[in-house]
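Asker: This is work-v3.cif (mmCIF, C-alpha atoms).
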```cif
data_entry
loop_
_atom_site.label_atom_id
_atom_site.label_comp_id
_atom_site.auth_asym_id
_atom_site.auth_seq_id
_atom_site.Cartn_x
_atom_site.Cartn_y
_atom_site.Cartn_z
CA MET A 1 88.36 83.22 43.04
CA LYS A 2 88.80 80.02 41.03
CA LYS A 3 88.72 76.70 42.85
CA LYS A 4 92.33 75.89 41.91
CA SER A 5 93.51 79.22 43.26
CA LEU A 6 91.69 78.58 46.55
CA PHE A 7 93.33 75.19 46.78
CA MET A 8 96.80 76.66 46.30
CA LEU A 9 96.07 79.43 48.83
CA ALA A 10 94.98 76.86 51.40
CA PHE A 11 98.00 74.66 50.80
CA VAL A 12 100.48 77.55 51.02
CA ALA A 13 98.82 79.17 54.03
CA LEU A 14 98.81 75.98 56.08
CA GLY A 15 102.24 74.73 55.12
CA SER A 16 102.13 71.00 55.75
CA VAL A 17 99.46 68.35 56.10
CA ALA A 18 99.59 65.02 57.90
CA ALA A 19 102.76 63.06 57.34
CA ASN A 20 100.94 59.79 56.82
CA ALA A 21 100.99 59.19 53.07
CA GLN A 22 97.84 57.09 53.01
CA GLU A 23 95.87 59.71 54.94
CA SER A 24 97.32 62.56 52.86
CA SER A 25 96.24 60.92 49.64
CA THR A 26 92.57 61.17 50.71
CA ILE A 27 92.65 64.91 51.54
CA SER A 28 90.51 66.79 49.05
CA GLU A 29 90.90 70.30 47.69
CA GLU A 30 87.65 71.21 49.41
CA CYS A 31 88.99 70.04 52.76
CA LEU A 32 92.14 72.14 52.43
CA ILE A 33 90.03 75.16 51.52
CA ASN A 34 87.87 74.63 54.63
CA ILE A 35 91.00 74.43 56.76
CA SER A 36 92.23 77.70 55.32
CA LEU A 37 88.87 79.38 55.92
CA PHE A 38 88.45 78.36 59.58
CA ASN A 39 92.15 78.95 60.28
CA GLU A 40 91.97 82.62 59.26
CA SER A 41 88.68 83.23 61.08
CA ALA A 42 89.83 81.48 64.28
CA LYS A 43 93.09 83.45 64.33
CA ASN A 44 90.96 86.60 64.43
CA LYS A 45 88.61 85.05 67.04
CA GLN A 46 85.75 85.14 64.56
CA TYR A 47 84.46 81.82 65.79
CA ALA A 48 80.99 82.13 64.30
CA ASP A 49 82.57 82.25 60.83
CA ALA A 50 85.08 79.51 61.70
CA ALA A 51 82.59 76.97 63.06
CA GLY A 52 81.12 75.76 59.74
CA PRO A 53 84.31 75.13 57.75
CA TRP A 54 86.00 73.74 60.87
CA LEU A 55 83.33 71.08 61.40
CA LYS A 56 83.57 70.05 57.75
CA ALA A 57 87.36 69.72 57.94
CA TYR A 58 87.18 67.92 61.30
CA THR A 59 84.64 65.45 59.91
CA GLU A 60 86.10 64.87 56.45
CA CYS A 61 89.88 65.07 56.95
CA PRO A 62 90.76 64.83 60.67
CA SER A 63 94.39 63.97 59.95
CA ALA A 64 95.03 66.88 57.58
CA ASN A 65 96.48 69.49 59.91
CA LYS A 66 97.11 70.10 63.62
CA ALA A 67 95.23 73.41 63.34
CA ILE A 68 91.99 71.40 63.28
CA TYR A 69 92.66 70.67 66.97
CA SER A 70 94.49 73.75 68.20
CA HIS A 71 91.71 76.01 66.88
CA GLY A 72 88.99 73.40 67.28
CA ARG A 73 89.10 73.57 71.04
CA ASN A 74 88.57 77.36 71.00
CA ILE A 75 85.72 77.06 68.51
CA LEU A 76 83.90 74.41 70.54
CA VAL A 77 84.38 76.31 73.81
CA TRP A 78 82.97 79.43 72.13
CA GLN A 79 79.97 77.45 70.89
CA LEU A 80 79.38 76.09 74.39
CA SER A 81 79.38 79.62 75.74
CA GLN A 82 76.70 80.65 73.23
CA THR A 83 74.04 78.07 74.06
CA LYS A 84 71.87 77.07 76.99
CA ASP A 85 70.15 74.21 75.19
CA PRO A 86 70.99 71.02 77.18
CA LYS A 87 70.90 68.83 74.09
CA GLU A 88 73.23 71.12 72.15
CA ILE A 89 75.56 71.39 75.15
CA ASP A 90 75.72 67.61 75.36
CA VAL A 91 76.57 67.29 71.65
CA LEU A 92 79.26 69.97 71.84
CA ARG A 93 80.94 68.75 75.02
CA ASN A 94 81.06 65.16 73.74
CA ARG A 95 82.50 66.44 70.47
CA LEU A 96 85.15 68.27 72.52
CA MET A 97 86.14 65.04 74.25
CA GLU A 98 86.12 63.16 70.96
CA MET A 99 88.30 65.87 69.42
CA TYR A 100 91.01 65.22 72.04
CA ASP A 101 90.89 61.50 71.26
CA LYS A 102 91.29 62.16 67.54
CA ARG A 103 94.16 64.54 68.20
CA ILE A 104 95.91 61.74 70.09
CA GLN A 105 95.17 59.36 67.21
CA TYR A 106 96.64 61.61 64.53
CA PHE A 107 99.05 63.89 66.37
CA GLY A 108 99.79 62.12 69.65
CA ASP A 109 103.48 61.79 68.79
CA ASP A 110 103.96 65.54 68.38
CA SER A 111 107.19 66.55 70.14
CA LYS A 112 105.82 69.78 71.61
CA TYR A 113 102.30 68.65 72.49
CA PRO A 114 102.44 64.85 72.93
CA THR A 115 99.72 62.52 74.14
CA PRO A 116 100.26 63.23 77.88
CA TRP A 117 99.88 66.97 77.27
CA ILE A 118 96.69 66.35 75.26
CA LEU A 119 95.28 64.16 78.05
CA GLY A 120 95.99 66.91 80.57
CA ARG A 121 94.04 69.45 78.51
CA LYS A 122 91.24 66.95 77.96
CA ALA A 123 90.97 66.40 81.72
CA LEU A 124 90.81 70.13 82.45
CA ASP A 125 87.97 70.60 79.99
CA TYR A 126 86.17 67.51 81.29
CA ILE A 127 86.24 69.00 84.79
CA ILE A 128 84.61 72.18 83.47
CA TYR A 129 81.99 70.71 81.15
CA PHE A 130 80.94 67.55 83.01
CA PRO A 131 80.04 68.96 86.46
CA GLU A 132 77.48 66.23 87.13
CA ASP A 133 80.27 63.63 87.39
CA GLN A 134 81.13 63.97 91.07
CA LEU A 135 84.33 61.90 91.23
CA LYS A 136 85.62 62.40 87.66
CA GLU A 137 87.80 59.32 87.98
CA ASN A 138 88.42 59.17 84.23
CA ALA A 139 89.77 62.73 84.27
CA TYR A 140 91.91 61.78 87.28
CA GLN A 141 93.47 58.96 85.25
CA TRP A 142 94.21 61.33 82.34
CA LEU A 143 95.83 63.81 84.72
CA GLU A 144 97.91 61.10 86.34
CA THR A 145 99.27 60.08 82.95
CA ALA A 146 100.10 63.71 82.18
CA VAL A 147 101.81 64.32 85.53
CA ASP A 148 103.82 61.10 85.48
CA SER A 149 105.02 61.74 81.94
CA LEU A 150 105.58 65.50 81.93
CA LYS A 151 106.68 66.04 85.55
CA THR A 152 107.90 69.66 85.89
CA ASP A 153 106.86 70.31 82.28
CA ALA A 154 103.21 69.73 83.22
CA ASP A 155 100.94 72.77 83.36
CA VAL A 156 100.46 74.21 86.84
CA ALA A 157 96.69 73.72 86.38
CA VAL A 158 97.22 70.05 85.55
CA LEU A 159 99.31 69.49 88.69
CA THR A 160 96.79 71.34 90.85
CA GLN A 161 93.71 69.58 89.51
CA PHE A 162 95.42 66.21 89.76
CA VAL A 163 95.70 66.62 93.54
CA ALA A 164 92.24 68.21 93.80
CA LEU A 165 90.60 65.22 92.11
CA SER A 166 92.68 62.81 94.20
CA ALA A 167 91.44 64.58 97.34
CA ASN A 168 87.87 64.37 96.07
CA ILE A 169 88.20 60.64 95.45
CA TYR A 170 89.74 60.13 98.89
CA LYS A 171 86.82 61.95 100.50
CA ALA A 172 84.40 59.51 98.87
CA LYS A 173 86.68 56.49 99.23
CA PRO A 174 88.81 56.68 102.41
CA GLU A 175 90.63 53.51 101.39
CA THR A 176 92.49 55.61 98.78
CA ALA A 177 94.23 57.65 101.50
CA GLU A 178 97.70 56.34 100.67
CA LYS A 179 97.25 57.14 96.99
CA PHE A 180 96.09 60.66 97.84
CA ILE A 181 99.18 61.18 100.00
CA SER A 182 101.42 59.92 97.21
CA ASP A 183 99.72 62.18 94.65
CA TYR A 184 100.06 65.23 96.90
CA LEU A 185 103.77 64.61 97.50
CA LYS A 186 104.49 63.99 93.84
CA ALA A 187 102.66 67.00 92.44
CA GLY A 188 103.84 69.19 95.31
CA ALA A 189 107.47 68.35 94.55
CA TYR A 190 106.99 69.35 90.90
CA LEU A 191 105.30 72.62 91.87
CA ASP A 192 108.14 73.38 94.29
CA ALA A 193 110.66 72.76 91.52
CA ILE A 194 108.81 75.10 89.15
CA ALA A 195 108.43 77.75 91.85
CA SER A 196 112.14 77.66 92.68
CA ASN A 197 113.16 78.32 89.07
CA PRO A 198 113.30 82.12 88.62
CA SER A 199 113.50 81.76 84.84
CA ASP A 200 110.20 79.87 84.70
CA ARG A 201 107.36 82.29 83.90
CA TYR A 202 104.99 80.11 85.88
CA ALA A 203 107.11 80.19 89.06
CA ALA A 204 104.82 82.59 90.94
CA SER A 205 101.70 80.67 89.96
CA ALA A 206 103.31 77.39 91.03
CA ALA A 207 104.23 78.82 94.43
CA GLN A 208 100.69 80.09 94.93
CA GLN A 209 99.08 76.81 93.92
CA LYS A 210 101.44 74.85 96.18
CA GLN A 211 100.08 76.85 99.13
CA VAL A 212 96.55 75.99 98.02
CA LEU A 213 97.43 72.29 97.88
CA ASP A 214 99.13 72.42 101.27
CA ALA A 215 95.99 73.89 102.81
CA MET A 216 93.84 71.31 101.01
CA PHE A 217 96.03 68.50 102.31
CA VAL A 218 95.87 69.70 105.90
CA GLN A 219 92.09 70.20 105.72
CA SER A 220 91.62 66.68 104.34
CA GLY A 221 92.59 65.24 107.74
CA VAL A 222 94.83 62.61 106.18
CA ALA A 223 97.91 64.41 107.50
CA ASP A 224 97.00 63.56 111.11
CA CYS A 225 99.72 61.36 112.62
CA ASN A 226 97.25 58.77 113.93
CA THR A 227 95.68 58.51 110.49
CA LEU A 228 99.11 57.99 108.96
CA ASP A 229 99.86 55.26 111.49
CA ASN A 230 96.69 53.41 110.52
CA ILE A 231 97.69 53.62 106.86
CA TYR A 232 101.35 52.67 107.17
CA LYS A 233 101.54 50.33 110.18
CA ASP A 234 100.83 47.17 108.19
CA LYS A 235 102.79 48.46 105.20
CA VAL A 236 105.98 48.67 107.28
CA ALA A 237 105.48 45.13 108.56
CA ALA A 238 104.87 43.86 105.03
CA ASN A 239 107.99 45.53 103.62
CA ILE A 240 110.70 44.70 106.16
CA SER A 241 113.16 43.98 103.34
CA ASN A 242 112.00 46.65 100.88
CA PHE A 243 114.32 49.58 101.44
CA GLU A 244 112.70 51.80 98.81
CA VAL A 245 109.24 51.58 100.40
CA LEU A 246 110.59 52.00 103.93
CA SER A 247 112.71 55.04 103.06
CA LYS A 248 109.74 56.73 101.40
CA ILE A 249 107.67 56.18 104.53
CA VAL A 250 110.45 57.64 106.68
CA GLU A 251 110.75 60.69 104.43
CA PHE A 252 107.00 61.24 104.43
CA TYR A 253 106.70 61.06 108.23
CA GLU A 254 109.46 63.65 108.50
CA GLN A 255 107.70 65.95 106.05
CA MET A 256 104.50 65.64 108.07
CA ASP A 257 106.41 66.22 111.32
CA CYS A 258 105.18 62.93 112.77
CA LYS A 259 108.55 61.90 114.15
CA GLU A 260 107.09 60.81 117.50
CA SER A 261 105.25 57.93 115.86
CA GLU A 262 106.15 54.31 116.63
CA VAL A 263 105.49 53.50 112.97
CA TYR A 264 108.08 56.10 111.97
CA PHE A 265 110.55 54.55 114.40
CA ALA A 266 109.89 51.07 113.07
CA ALA A 267 110.33 52.15 109.45
CA SER A 268 113.52 54.06 110.29
CA THR A 269 115.21 51.25 112.21
CA THR A 270 114.22 48.62 109.65
CA ALA A 271 115.43 50.75 106.73
CA HIS A 272 118.63 51.58 108.60
CA LYS A 273 119.48 47.91 109.03
CA ILE A 274 119.08 47.31 105.30
CA SER A 275 120.98 50.33 104.02
CA PRO A 276 121.94 53.13 106.41
CA THR A 277 121.12 56.62 105.20
CA ALA A 278 121.08 60.01 106.85
CA LYS A 279 117.26 59.94 106.98
CA SER A 280 117.08 56.50 108.58
CA ALA A 281 119.83 57.41 111.05
CA SER A 282 117.90 60.54 111.96
CA GLY A 283 114.77 58.48 112.52
CA CYS A 284 116.64 56.10 114.81
CA ALA A 285 118.04 59.09 116.69
CA ALA A 286 114.54 60.48 117.21
CA MET A 287 113.40 57.12 118.58
CA CYS A 288 116.31 56.98 121.03
CA TYR A 289 115.67 60.55 122.13
CA LYS A 290 112.00 59.83 122.82
CA ASN A 291 113.04 56.83 124.90
CA LYS A 292 115.54 59.03 126.79
CA ASN A 293 118.49 57.06 125.43
CA PHE A 294 120.43 60.24 124.79
CA GLU A 295 123.88 58.75 124.18
CA GLU A 296 122.48 56.47 121.47
CA ALA A 297 120.55 59.37 119.97
CA ILE A 298 123.79 61.34 119.67
CA LYS A 299 125.51 58.40 117.95
CA TYR A 300 122.74 58.13 115.39
CA PHE A 301 122.75 61.88 114.73
CA GLU A 302 126.53 61.77 114.25
CA GLU A 303 126.02 58.93 111.79
CA ALA A 304 123.41 61.04 110.00
CA VAL A 305 125.95 63.87 109.68
CA ASN A 306 128.48 61.50 108.11
CA LEU A 307 125.95 59.95 105.73
CA SER A 308 124.27 63.16 104.57
CA GLU A 309 125.40 65.04 101.49
CA ASP A 310 123.26 68.10 102.21
CA ASN A 311 124.85 70.81 104.34
CA LYS A 312 121.54 72.12 105.67
CA ASP A 313 120.63 68.64 106.84
CA LYS A 314 124.08 68.27 108.39
CA SER A 315 123.50 71.56 110.19
CA ASN A 316 120.18 70.33 111.58
CA TYR A 317 121.72 67.08 112.81
CA GLU A 318 124.59 68.95 114.49
CA TYR A 319 122.08 71.29 116.08
CA MET A 320 120.18 68.32 117.52
CA ILE A 321 123.41 66.93 118.97
CA ALA A 322 124.13 70.33 120.51
CA TYR A 323 120.61 70.51 121.90
CA ILE A 324 120.86 67.09 123.56
CA TYR A 325 124.23 67.94 125.15
CA TYR A 326 122.77 71.24 126.36
CA SER A 327 119.30 70.30 127.56
CA GLU A 328 119.70 66.68 128.62
CA LEU A 329 123.37 66.05 129.45
CA LYS A 330 124.21 69.59 130.65
CA ASN A 331 127.56 69.42 128.86
CA TYR A 332 127.79 73.03 127.68
CA PRO A 333 131.31 73.00 126.16
CA THR A 334 130.49 70.01 123.95
CA ALA A 335 127.08 71.46 123.14
CA ARG A 336 128.69 74.70 121.99
CA SER A 337 131.19 72.80 119.85
CA HIS A 338 128.39 71.09 117.94
CA ALA A 339 126.40 74.32 117.69
CA ARG A 340 129.42 75.91 116.00
CA LYS A 341 129.57 73.01 113.56
CA ALA A 342 125.91 73.55 112.77
CA SER A 343 126.69 77.18 111.94
CA GLU A 344 129.60 76.13 109.73
CA TYR A 345 127.38 73.79 107.71
CA ASP A 346 124.66 76.42 107.35
CA PRO A 347 125.88 80.00 107.93
CA THR A 348 122.36 81.33 107.28
CA THR A 349 120.68 79.78 110.32
CA GLY A 350 120.41 81.64 113.62
CA LYS A 351 119.25 78.69 115.76
CA PRO A 352 122.74 77.61 116.90
CA TYR A 353 123.58 81.12 118.10
CA ILE A 354 120.36 81.31 120.10
CA LEU A 355 121.16 77.94 121.65
CA VAL A 356 124.65 79.09 122.66
CA ALA A 357 123.13 82.27 124.12
CA HIS A 358 120.97 80.12 126.41
CA MET A 359 124.04 78.13 127.45
CA TYR A 360 125.87 81.30 128.40
CA ALA A 361 122.88 82.76 130.22
CA GLY A 362 122.50 79.54 132.22
CA SER A 363 126.13 79.47 133.36
CA GLN A 364 127.73 80.75 136.57
CA PRO A 365 131.49 80.55 136.02
CA TYR A 366 132.38 82.72 139.04
CA ASP A 367 131.90 82.70 142.79
CA ASP A 368 131.23 86.44 142.55
CA PRO A 369 127.52 87.14 141.75
CA ILE A 370 128.44 90.43 140.05
CA LEU A 371 130.91 88.76 137.69
CA ASN A 372 128.37 86.05 136.96
CA LYS A 373 126.19 88.73 135.39
CA THR A 374 128.80 89.19 132.65
CA VAL A 375 127.52 86.00 131.01
CA TYR A 376 124.52 88.03 129.81
CA TRP A 377 126.79 90.26 127.76
CA VAL A 378 128.10 87.33 125.72
CA ALA A 379 124.60 85.83 125.57
CA VAL A 380 123.28 89.01 123.97
CA ASP A 381 126.27 89.05 121.61
CA GLU A 382 125.19 85.61 120.36
CA LEU A 383 121.59 86.72 119.95
CA ARG A 384 122.62 89.74 117.91
CA ARG A 385 124.72 87.47 115.72
CA ALA A 386 121.70 85.22 115.24
CA LYS A 387 119.65 88.18 113.95
CA GLN A 388 122.46 89.25 111.67
CA VAL A 389 122.81 85.92 109.86
CA ASP A 390 119.14 84.93 110.00
CA PRO A 391 116.53 87.74 109.97
CA SER A 392 113.76 85.15 110.29
CA CYS A 393 114.71 84.56 113.93
CA ALA A 394 114.82 88.29 114.82
CA GLU A 395 111.58 88.20 116.83
CA GLU A 396 112.78 85.34 119.03
CA ALA A 397 116.25 86.86 119.40
CA ASP A 398 114.82 90.24 120.39
CA LYS A 399 112.66 88.62 123.05
CA TYR A 400 115.71 87.12 124.74
CA ILE A 401 117.84 90.23 124.22
CA ASN A 402 115.25 92.20 126.19
CA MET A 403 115.13 89.49 128.84
CA TYR A 404 118.88 89.05 129.30
CA SER A 405 119.68 92.76 129.07
CA ARG A 406 117.80 93.30 132.32
CA HIS A 407 120.44 91.22 134.09
CA PHE A 408 123.48 93.21 132.95
CA PRO A 409 125.66 94.55 135.81
CA ASN A 410 124.40 98.02 136.69
CA THR A 411 126.56 101.16 136.93
CA GLU A 412 127.11 100.82 140.65
CA GLU A 413 128.16 97.18 140.38
CA ILE A 414 130.63 97.98 137.60
CA PHE A 415 132.06 100.83 139.69
CA PHE A 416 133.25 98.40 142.38
CA HIS A 417 134.95 96.14 139.77
CA ALA A 418 137.79 97.98 138.09
CA ASP A 419 138.11 95.37 135.35
CA LEU A 420 134.50 96.00 134.34
CA GLY A 421 134.84 99.60 133.22
CA GLU A 422 132.20 100.52 130.63
CA GLY A 423 133.46 100.15 127.09
CA LYS A 424 136.45 98.06 128.15
CA PRO A 425 137.07 94.59 126.70
CA TYR A 426 136.38 91.79 129.12
CA THR A 427 136.90 88.04 128.81
CA VAL A 428 134.19 86.01 130.51
CA GLY A 429 135.88 83.20 132.40
CA GLY A 430 135.22 79.54 133.03
CA TRP A 431 134.28 77.26 130.14
CA ILE A 432 132.98 80.26 128.17
CA GLY A 433 136.30 82.05 127.58
CA VAL A 434 134.84 84.66 125.24
CA THR A 435 135.83 88.32 125.06
CA THR A 436 133.09 90.95 124.98
CA THR A 437 132.64 94.64 125.70
CA CYS A 438 131.52 95.91 129.12
CA ARG A 439 128.28 97.86 128.94
#
```
Just dump the structure as structure tokens.
Answerer:
Amino acid sequence: MKKKSLFMLAFVALGSVAANAQESSTISEECLINISLFNESAKNKQYADAAGPWLKAYTECPSANKAIYSHGRNILVWQLSQTKDPKEIDVLRNRLMEMYDKRIQYFGDDSKYPTPWILGRKALDYIIYFPEDQLKENAYQWLETAVDSLKTDADVAVLTQFVALSANIYKAKPETAEKFISDYLKAGAYLDAIASNPSDRYAASAAQQKQVLDAMFVQSGVADCNTLDNIYKDKVAANISNFEVLSKIVEFYEQMDCKESEVYFAASTTAHKISPTAKSASGCAAMCYKNKNFEEAIKYFEEAVNLSEDNKDKSNYEYMIAYIYYSELKNYPTARSHARKASEYDPTTGKPYILVAHMYAGSQPYDDPILNKTVYWVAVDELRRAKQVDPSCAEEADKYINMYSRHFPNTEEIFFHADLGEGKPYTVGGWIGVTTTCR
């Protein structure tokens, strides 16, 4: 084939070259031919044939076409897999890193694969091909840039390795504990968002990797409440007027289930004074509850209900109010009222029904011991309703159904109470006032 024909074939096959006019003017016919040659070979995974013309194109006209980089990575990785010579490995892996830098230089503003995406891929390859670097802090920085820029558009592997490297750095440098916590929460939130999107083809992978990160975080030891207190105690004191910092601390303590901490209480009350939110109100309520100031705890939980815009959170706050009225103040009618509100806010939760069942089972509305056994009928009714709306609580509900069913009036006891005929409707008296079926 004539040289001119090869030039035209290369130009047509590749479509466009770099947009920069000055760079384009230096691209030779030979360079375009080399691009065409390695492009065809690489597409067919014939990397041995692609390697020579690729290196020439990469060296002589690095700005000519994005294919130099999209195929270049595969070619270099193939070459690395074919050699055990340490010197050759070092040359190839450094060329791989350099290739990412040049891609950023010439194609970093690409809309589909911008600089943050390139840095993420560079970091992943650095982790693989530079095992002797124990901390890999440079790769961590590249991943952080990718995660902060791409968010839920970041690759699942990028999000996962970002936290893994952060954990590794924390292990070597305990003073980075707060940064590790922040990295875990940030990447975890993005993975949760990906996993919850059924149309995202990486949803399953994101869900799986989030479990891996959760386990990693727990095993790191940083999630221990005492450790958190050591990290955040001074930070709360130093940010008494910084609502954003305080609210993040409150939210984190709640996620880690460290709501018994004095640091959590301090952050909650301080944040609440600046700008009341449902989260800060909830934190203040928890503090009051721990200190056995139950009336104040109820007030804060009621405030949390009013401030929250999330019905599930509202349901949880109403449940806590119901629980305090039930367990601490022994005010069953009011407790039931708030339990019903919890169910209204979240019809899928069975907890309020189980709580009401315990209220019924603990009541004695009659002077007659036989009639007092009727409370177990309505208690079991509540437990069955709990299972119906929330299958996740079935095991707990079944345990109490078995327990309370043993206290039903027996056949002989029903016989001596005409109004308790089996199968007949019966309204349990007192504060309960609920109709059930005799059994």
Asker: Just say which residues the PyMOL selection byres ((chain A and resi 383) around 8) picks in this file, as number ranges by chain.
Answerer: A: 353-354, 357, 379-382, 384-387, 397-398, 400-401
Asker: Which residues would end up in the selection if the PyMOL selection byres ((chain A and resi 250) around 8) were applied here, given that I need the answer as a list of chain:residue names?
Answerer: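 That selection, the PyMOL selection byres ((chain A and resi 250) around 8), comes back as A:Leu246, A:Ser247, A:Lys248, A:Ile249, A:Glu251, A:Phe252, A:Tyr253, A:Glu254, A:Tyr264, A:Ala267, A:Ser268, A:Lys279, A:Ser280, A:Gly283.
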Asker: Go ahead and compute the interatomic distance for atom CA of A:Glu98 and atom CA of A:Ala64, in Å to one decimal.
Answerer: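 These atoms are spaced 16.5 Å apart.
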Asker: Have a look at atom CA of A:Ala335 and atom CA of A:Tyr360 and let me know their distance in Å, one decimal.
Answerer: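 Here the two named atoms are 11.2 Å from each other.
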Asker: Please measure the separation of atom CA of A:Gly120 and atom CA of A:Glu144, giving the value in Å to one decimal.
Answerer: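 One can read the atom CA of A:Gly120 to atom CA of A:Glu144 distance as 8.4 Å.
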Asker: Excluding stretch 325-330 of chain A and any residue of its chain fewer than 3 positions from it, enumerate the residues within 8 Å of it, using only C-alpha atoms, and give them as a ChimeraX atom specification.
Answerer: /A:294,321-322,334-335,359
Asker: Could you tell me which residues the PyMOL selection byres ((chain A and resi 170) around 12) returns for this structure, as a PyMOL selection string?
Answerer: chain A and resi 135+137+140+163-169+171-184+217+220-222
Asker: Leaving out A:Tyr289 and any residue of its chain fewer than 4 positions from it, which residues lie within 12 Å of it when counting only C-alpha atoms, given as a PDB file with C-alpha atoms, in the coordinates of the input?
Answerer:
```
ATOM      1  CA  LYS A 259     108.550  61.900 114.150  1.00  0.00           C
ATOM      2  CA  GLU A 260     107.090  60.810 117.500  1.00  0.00           C
ATOM      3  CA  PHE A 265     110.550  54.550 114.400  1.00  0.00           C
ATOM      4  CA  SER A 282     117.900  60.540 111.960  1.00  0.00           C
ATOM      5  CA  GLY A 283     114.770  58.480 112.520  1.00  0.00           C
ATOM      6  CA  CYS A 284     116.640  56.100 114.810  1.00  0.00           C
ATOM      7  CA  ALA A 285     118.040  59.090 116.690  1.00  0.00           C
ATOM      8  CA  ASN A 293     118.490  57.060 125.430  1.00  0.00           C
ATOM      9  CA  PHE A 294     120.430  60.240 124.790  1.00  0.00           C
ATOM     10  CA  GLU A 295     123.880  58.750 124.180  1.00  0.00           C
ATOM     11  CA  GLU A 296     122.480  56.470 121.470  1.00  0.00           C
ATOM     12  CA  ALA A 297     120.550  59.370 119.970  1.00  0.00           C
ATOM     13  CA  ILE A 298     123.790  61.340 119.670  1.00  0.00           C
ATOM     14  CA  LYS A 299     125.510  58.400 117.950  1.00  0.00           C
ATOM     15  CA  TYR A 300     122.740  58.130 115.390  1.00  0.00           C
ATOM     16  CA  PHE A 301     122.750  61.880 114.730  1.00  0.00           C
ATOM     17  CA  MET A 320     120.180  68.320 117.520  1.00  0.00           C
ATOM     18  CA  ILE A 321     123.410  66.930 118.970  1.00  0.00           C
ATOM     19  CA  TYR A 323     120.610  70.510 121.900  1.00  0.00           C
ATOM     20  CA  ILE A 324     120.860  67.090 123.560  1.00  0.00           C
ATOM     21  CA  TYR A 325     124.230  67.940 125.150  1.00  0.00           C
ATOM     22  CA  SER A 327     119.300  70.300 127.560  1.00  0.00           C
ATOM     23  CA  GLU A 328     119.700  66.680 128.620  1.00  0.00           C
ATOM     24  CA  LEU A 329     123.370  66.050 129.450  1.00  0.00           C
TER      25      LEU A 329
END
```
Asker: Name the residues in contact with A:Lys45 at a cut-off of 12 Å, using all atoms listed in the file, excluding same-chain residues fewer than 5 positions from it; report them as a ChimeraX atom specification.
Answerer: /A:38-40,50-51,71-72,74-75,77-78
Asker: Kindly indicate which residue among A:Ile68, A:Ile370, A:Ala266, A:Leu420 lies nearest to A:Phe107, using all atoms listed in the file for the distances.
Answerer: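 Once distances to A:Phe107 are computed over all atoms listed in the file, the minimum belongs to A:Ile68.
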Asker: Which is closest to A:Asp125 among A:Met99, A:Cys288, A:Ala42, A:Ala204, if we use only C-alpha atoms?
Answerer: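 Of the candidates, the smallest distance to A:Asp125 is held by A:Met99.
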Asker: List the spatial neighbours of A:Asp155 as a PyMOL selection string - criterion: any atom at most 12 Å away, all atoms listed in the file, same-chain residues fewer than 4 positions off excluded.
Answerer: chain A and resi 113+116-121+123-124+143+146-147+149-151+159-162+187+190-191+194+200-203+205-206+209
Asker: How would the residues just chosen look if you wrote them out with C-alpha atoms as an mmCIF file, in the coordinates of the input?
Answerer:
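Written out: part-v7.cif:
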```cif
data_model
loop_
_atom_site.group_PDB
_atom_site.id
_atom_site.type_symbol
_atom_site.label_atom_id
_atom_site.label_comp_id
_atom_site.auth_asym_id
_atom_site.auth_seq_id
_atom_site.Cartn_x
_atom_site.Cartn_y
_atom_site.Cartn_z
ATOM 1 C CA TYR A 113 102.300 68.650 72.490
ATOM 2 C CA PRO A 116 100.260 63.230 77.880
ATOM 3 C CA TRP A 117 99.880 66.970 77.270
ATOM 4 C CA ILE A 118 96.690 66.350 75.260
ATOM 5 C CA LEU A 119 95.280 64.160 78.050
ATOM 6 C CA GLY A 120 95.990 66.910 80.570
ATOM 7 C CA ARG A 121 94.040 69.450 78.510
ATOM 8 C CA ALA A 123 90.970 66.400 81.720
ATOM 9 C CA LEU A 124 90.810 70.130 82.450
ATOM 10 C CA LEU A 143 95.830 63.810 84.720
ATOM 11 C CA ALA A 146 100.100 63.710 82.180
ATOM 12 C CA VAL A 147 101.810 64.320 85.530
ATOM 13 C CA SER A 149 105.020 61.740 81.940
ATOM 14 C CA LEU A 150 105.580 65.500 81.930
ATOM 15 C CA LYS A 151 106.680 66.040 85.550
ATOM 16 C CA LEU A 159 99.310 69.490 88.690
ATOM 17 C CA THR A 160 96.790 71.340 90.850
ATOM 18 C CA GLN A 161 93.710 69.580 89.510
ATOM 19 C CA PHE A 162 95.420 66.210 89.760
ATOM 20 C CA ALA A 187 102.660 67.000 92.440
ATOM 21 C CA TYR A 190 106.990 69.350 90.900
ATOM 22 C CA LEU A 191 105.300 72.620 91.870
ATOM 23 C CA ILE A 194 108.810 75.100 89.150
ATOM 24 C CA ASP A 200 110.200 79.870 84.700
ATOM 25 C CA ARG A 201 107.360 82.290 83.900
ATOM 26 C CA TYR A 202 104.990 80.110 85.880
ATOM 27 C CA ALA A 203 107.110 80.190 89.060
ATOM 28 C CA SER A 205 101.700 80.670 89.960
ATOM 29 C CA ALA A 206 103.310 77.390 91.030
ATOM 30 C CA GLN A 209 99.080 76.810 93.920
#
```
